[in-house]
Amino acid sequence: MNLTPEQQALLNGSQGETMAKVVKTLVMYGDAFGAERMVPVTSKYGHTVISFGLEVMKPVYDLYDQLIEAGLTEGQKFTADPKPLDKNVPSSLIEDLVFKKIMYTQQKRYEAQLEKLGIIDEDSYSCTCYLDQMGNKPAKGEILSWAESSAVVYANSVLGARCNRNSGMLELMGSIAGFVPEFGLLTDEGRKATWIIDVQCKNRPEAQLLGSAIGMKVMEEVPYVKGMEQWLGTELDEAACTYLKDFGAATASNGAVGLYHIAGLTPEAKEQGEALICDNAQVYVIDDAELERVKAAYPVIWKDADAKPQLCFIGCPHMTLQQLHDMTNAINSQLMRNGLQKVSVPTVFTASPAVIREFEKTKDYMLMKSCGIVLSYICPLMYMNNPLCKKKAVITSSNKLRTYTSARYYTEADIIRIITSKEAKL
Amino acid sequence: MKEFKGRVVVPGTCTAKALVSHGGFNTLASYQMALMFNKKGVPCGDQNNPDLYKQSMEGVAMCLPMTIGSTTGGMVLFTACALGKQPACMLFSKPIDSLAASGAIMGDVWTDAKMPVIDNLGDEFLESVKTGMTVTVEEDGTVKIDD
């Protein structure tokens, strides 16, 4: 690693021992990947994946206290992942006790730390920080120090920004230092595709299912996806971006994808076409049967596989404004067809605080409420991060939530069918 | 005995029983419940990993291709190190991924934990090593497995 004299001085302790450890961490990180230099972080804002004050994560907050005590609070401002708690989301008395007295005992401490370290404001908590309403949307080519797998893969793939799949904590260290090691997805070579995905489905594949299949196959490599033009078009309009938000989150959580290219659509694929594909790229053909095979292989870990669902989460990653409108209307229409007024399974939509505020101004917000649906800013994953939820029959249209919890995945059409039927039959 | 040579990411030595994951190791899914509820032996909670699910991860020689999943992964590994609940070592058949590297390096720089990390051991390493075998890691990245 060739450091500039200024970077070397920091490593040698010119700004104190804590800053030296921050730089040492970044240098070792770069060394592990053969980085030869540091490059400046050029985006306006950072994004941290850590939004939760978990009792067990005390060592993280103790380390953050060290950063604050050392005065390392003048780095890049940032957004953060969604908060874990919201009293509007259905929970039992025991769950409330577990959340507040056992699990999230560090929440206030951590949010106070984030204020000191530079979170933009109280509304800056969402995994979809890149949506227009959230205001943390980097430009093409900008270098980021972000963490949150779904946001990183979106920024790289859809926006053409450059960010490695950094870990929580390390992303903050990059924002504090103002530089990150140059390797992997920060380089032209690292952004080339090593897999060709040939989509041969008859109908538009479900974003969360297609992403899951690709993620599990290519793991951390870069896929170049062909065959999606007929459904996504050639412009990154709102519908395409929404699809890619959910698709990317599934590739990143079911595998470890940090960047994908969609032929004729995403910025680098549009500019460079198949020149982005490495010579020896492997090929994965996906048809409807393959997607069915992938879905059928998901383990069911409910005690009673036929249990009536007790809760439904839609919005991991957080929903867009258009998704809130579309899902509200789709659910309401199906309820009317079935002669019902309210959903038969307690259902929670999750979205960023800024998107929620916009949605609240619309008629569909009242319609959503009349259907019995709760709208929240929380992270469903954090909500389900407790053993009590393991006993709960939770369904979701999120493949990320399925991966990390006992929630069971269903396509959006199935979710609508289940929650709008009287018996809530799976 | 078989011997493999990898690249040292975090230096150190150890001898421990192997726990082998043939699929990607999802750090968050594996650790979250065990750490949160201080479960004895740190049983793996990843339902999608049949090699590891419910197996104790504390103090083992974790043999894996790579880690996958959420970018909280490195923070989770750091926390395991800070709490003294980390594996004895992590041995990657493939080049290390950014999340595992972050966690292992933060554990090395910011905690007292000793967890040698070796990568690039090759596919044959993961085919040869079986759960329960004794694994020895040497300072120069040599990994020996007892048949």
# chains A, B, ... in the order shown; residues from 1 in each chain; ligands from 1
>>> select_by_dssp(residues="chain B", states="strand (DSSP E)", output="PDB file with C-alpha atoms, in the first residue's frame")
ATOM      1  CA  LYS B   2      -2.345 -33.376   4.604  1.00  0.00           C
ATOM      2  CA  GLU B   3      -0.743 -29.987   4.279  1.00  0.00           C
ATOM      3  CA  PHE B   4      -1.968 -26.880   2.495  1.00  0.00           C
ATOM      4  CA  LYS B   5      -0.435 -23.452   2.058  1.00  0.00           C
ATOM      5  CA  ARG B   7      -2.121 -16.568   2.372  1.00  0.00           C
ATOM      6  CA  VAL B   8      -1.985 -15.003   5.820  1.00  0.00           C
ATOM      7  CA  VAL B   9      -4.674 -12.330   6.305  1.00  0.00           C
ATOM      8  CA  VAL B  10      -4.408 -12.184  10.102  1.00  0.00           C
ATOM      9  CA  CYS B  14      -3.644 -22.517  16.636  1.00  0.00           C
ATOM     10  CA  THR B  15      -4.806 -26.128  16.796  1.00  0.00           C
ATOM     11  CA  ALA B  16      -8.535 -26.855  16.831  1.00  0.00           C
ATOM     12  CA  LYS B  17     -11.244 -29.227  15.618  1.00  0.00           C
ATOM     13  CA  ALA B  18     -12.554 -28.428  12.156  1.00  0.00           C
ATOM     14  CA  LEU B  19     -16.103 -27.284  11.433  1.00  0.00           C
ATOM     15  CA  VAL B  20     -16.640 -27.344   7.687  1.00  0.00           C
ATOM     16  CA  PHE B  25     -21.008 -18.843   5.533  1.00  0.00           C
ATOM     17  CA  ASN B  26     -23.712 -16.277   6.317  1.00  0.00           C
ATOM     18  CA  ALA B  61     -11.304 -24.179  13.062  1.00  0.00           C
ATOM     19  CA  MET B  62     -13.954 -22.744  10.766  1.00  0.00           C
ATOM     20  CA  CYS B  63     -13.304 -24.050   7.249  1.00  0.00           C
ATOM     21  CA  LEU B  64     -15.309 -22.336   4.548  1.00  0.00           C
ATOM     22  CA  THR B  67     -18.801 -15.533   3.870  1.00  0.00           C
ATOM     23  CA  ILE B  68     -22.039 -14.232   2.382  1.00  0.00           C
ATOM     24  CA  CYS B  89      -9.302 -19.596  13.285  1.00  0.00           C
ATOM     25  CA  MET B  90     -10.967 -19.009   9.924  1.00  0.00           C
ATOM     26  CA  LEU B  91      -9.667 -20.942   6.931  1.00  0.00           C
ATOM     27  CA  PHE B  92     -10.944 -19.915   3.511  1.00  0.00           C
ATOM     28  CA  VAL B 117      -7.182 -16.039   9.255  1.00  0.00           C
ATOM     29  CA  ILE B 118      -5.806 -17.799   6.183  1.00  0.00           C
ATOM     30  CA  ASP B 119      -7.328 -17.612   2.700  1.00  0.00           C
ATOM     31  CA  THR B 134      -7.798 -31.740  13.977  1.00  0.00           C
ATOM     32  CA  VAL B 135      -6.427 -28.694  12.166  1.00  0.00           C
ATOM     33  CA  THR B 136      -3.155 -26.919  12.902  1.00  0.00           C
ATOM     34  CA  VAL B 137      -2.411 -23.418  11.607  1.00  0.00           C
ATOM     35  CA  THR B 142       0.558 -23.556   6.430  1.00  0.00           C
ATOM     36  CA  VAL B 143      -2.520 -25.547   7.441  1.00  0.00           C
ATOM     37  CA  LYS B 144      -2.171 -29.207   8.448  1.00  0.00           C
ATOM     38  CA  ILE B 145      -5.113 -31.565   8.795  1.00  0.00           C
TER      39      ILE B 145
END
>>> closest_atom_pairs(of="chain A", to="chain B", cutoff="6 Å", atoms="only C-alpha atoms", output="JSON lines")
{"residue": "A:Val56", "atom": "CA", "partner": "B:Met36", "partner_atom": "CA", "distance": 5.3}
{"residue": "A:Ala147", "atom": "CA", "partner": "B:Thr71", "partner_atom": "CA", "distance": 5.8}
{"residue": "A:Glu148", "atom": "CA", "partner": "B:Thr71", "partner_atom": "CA", "distance": 5.2}
{"residue": "A:Ser149", "atom": "CA", "partner": "B:Thr71", "partner_atom": "CA", "distance": 5.3}
{"residue": "A:Ser167", "atom": "CA", "partner": "B:Thr71", "partner_atom": "CA", "distance": 4.7}
{"residue": "A:Gly168", "atom": "CA", "partner": "B:Thr72", "partner_atom": "CA", "distance": 5.0}
{"residue": "A:Ser253", "atom": "CA", "partner": "B:Gly69", "partner_atom": "CA", "distance": 4.4}
{"residue": "A:Gly255", "atom": "CA", "partner": "B:Ile68", "partner_atom": "CA", "distance": 5.7}
{"residue": "A:Ala256", "atom": "CA", "partner": "B:Ile68", "partner_atom": "CA", "distance": 5.0}
{"residue": "A:Tyr404", "atom": "CA", "partner": "B:Ala29", "partner_atom": "CA", "distance": 5.2}
>>> write_last_selection(atoms="C-alpha atoms", output="short mmCIF file (atom, residue, chain, number, x, y, z; two decimals), in the first residue's frame")
data_model
loop_
_atom_site.label_atom_id
_atom_site.label_comp_id
_atom_site.auth_asym_id
_atom_site.auth_seq_id
_atom_site.Cartn_x
_atom_site.Cartn_y
_atom_site.Cartn_z
CA VAL A 56 -25.09 -7.86 22.70
CA ALA A 147 -22.48 -0.49 4.15
CA GLU A 148 -25.92 -2.14 3.78
CA SER A 149 -25.87 -4.86 1.19
CA SER A 167 -18.90 -4.07 6.68
CA GLY A 168 -20.73 -2.11 9.32
CA SER A 253 -28.56 -11.39 0.80
CA GLY A 255 -25.54 -14.54 -2.15
CA ALA A 256 -22.99 -11.76 -1.81
CA TYR A 404 -32.19 -14.06 8.00
#
>>> residues_around(residues="Gly12 (chain B)", least_positions_apart="4", cutoff="8 Å", atoms="only C-alpha atoms", output="NGL selection string")
:B and (114-117 or 137-139)
>>> write_last_selection(atoms="N, CA, C and O atoms", output="mmCIF file, in the first residue's frame")
data_model
loop_
_atom_site.group_PDB
_atom_site.id
_atom_site.type_symbol
_atom_site.label_atom_id
_atom_site.label_comp_id
_atom_site.auth_asym_id
_atom_site.auth_seq_id
_atom_site.Cartn_x
_atom_site.Cartn_y
_atom_site.Cartn_z
ATOM 1 N N LYS B 114 -7.417 -13.468 19.547
ATOM 2 C CA LYS B 114 -6.458 -14.043 18.597
ATOM 3 C C LYS B 114 -7.222 -14.995 17.685
ATOM 4 O O LYS B 114 -7.735 -16.022 18.132
ATOM 5 N N MET B 115 -7.350 -14.646 16.436
ATOM 6 C CA MET B 115 -8.051 -15.512 15.488
ATOM 7 C C MET B 115 -7.305 -15.460 14.157
ATOM 8 O O MET B 115 -7.567 -14.595 13.313
ATOM 9 N N PRO B 116 -6.344 -16.374 13.974
ATOM 10 C CA PRO B 116 -5.628 -16.383 12.697
ATOM 11 C C PRO B 116 -6.592 -16.598 11.535
ATOM 12 O O PRO B 116 -7.554 -17.372 11.662
ATOM 13 N N VAL B 117 -6.341 -15.909 10.442
ATOM 14 C CA VAL B 117 -7.182 -16.039 9.255
ATOM 15 C C VAL B 117 -6.284 -16.305 8.047
ATOM 16 O O VAL B 117 -5.347 -15.547 7.773
ATOM 17 N N VAL B 137 -2.761 -24.584 12.434
ATOM 18 C CA VAL B 137 -2.411 -23.418 11.607
ATOM 19 C C VAL B 137 -1.054 -22.900 12.047
ATOM 20 O O VAL B 137 -0.812 -22.701 13.247
ATOM 21 N N GLU B 138 -0.154 -22.692 11.081
ATOM 22 C CA GLU B 138 1.171 -22.179 11.401
ATOM 23 C C GLU B 138 1.298 -20.720 10.943
ATOM 24 O O GLU B 138 0.514 -20.249 10.116
ATOM 25 N N GLU B 139 2.289 -20.066 11.492
ATOM 26 C CA GLU B 139 2.476 -18.618 11.289
ATOM 27 C C GLU B 139 2.571 -18.223 9.814
ATOM 28 O O GLU B 139 2.127 -17.145 9.412
#
>>> closest_residue(among="A:Ile197, A:Leu210, A:Leu131, A:Leu10", to="Val27 (chain A)", atoms="only C-alpha atoms")
A:Leu10
>>> closest_residue(among="B:Leu52, B:Met133, B:Leu126, B:Ala88", to="Asp146 (chain B)", atoms="only C-alpha atoms")
B:Met133
>>> closest_residue(among="A:Gly315, A:Pro299, A:Gly160, A:Pro40", to="His261 (chain A)", atoms="only C-alpha atoms")
A:Gly160
>>> select_by_dssp(residues="region 22-253 of chain A", states="alpha helix (DSSP H)", output="ChimeraX atom specification")
/A:22-32,58-69,93-97,107-117,149-157,170-177,207-218,229-232,238-253
>>> residues_around(residues="Ala240 (chain A)", least_positions_apart="6", cutoff="10 Å", atoms="only C-alpha atoms", output="JSON, numbers by chain")
{"A": [158, 231, 232, 233, 234, 265, 266]}
>>> residues_around(residues="Gly41 (chain B)", least_positions_apart="2", cutoff="9 Å", atoms="only C-alpha atoms", output="MDAnalysis selection string")
chainID B and resid 34 38:39 43 55:59 85
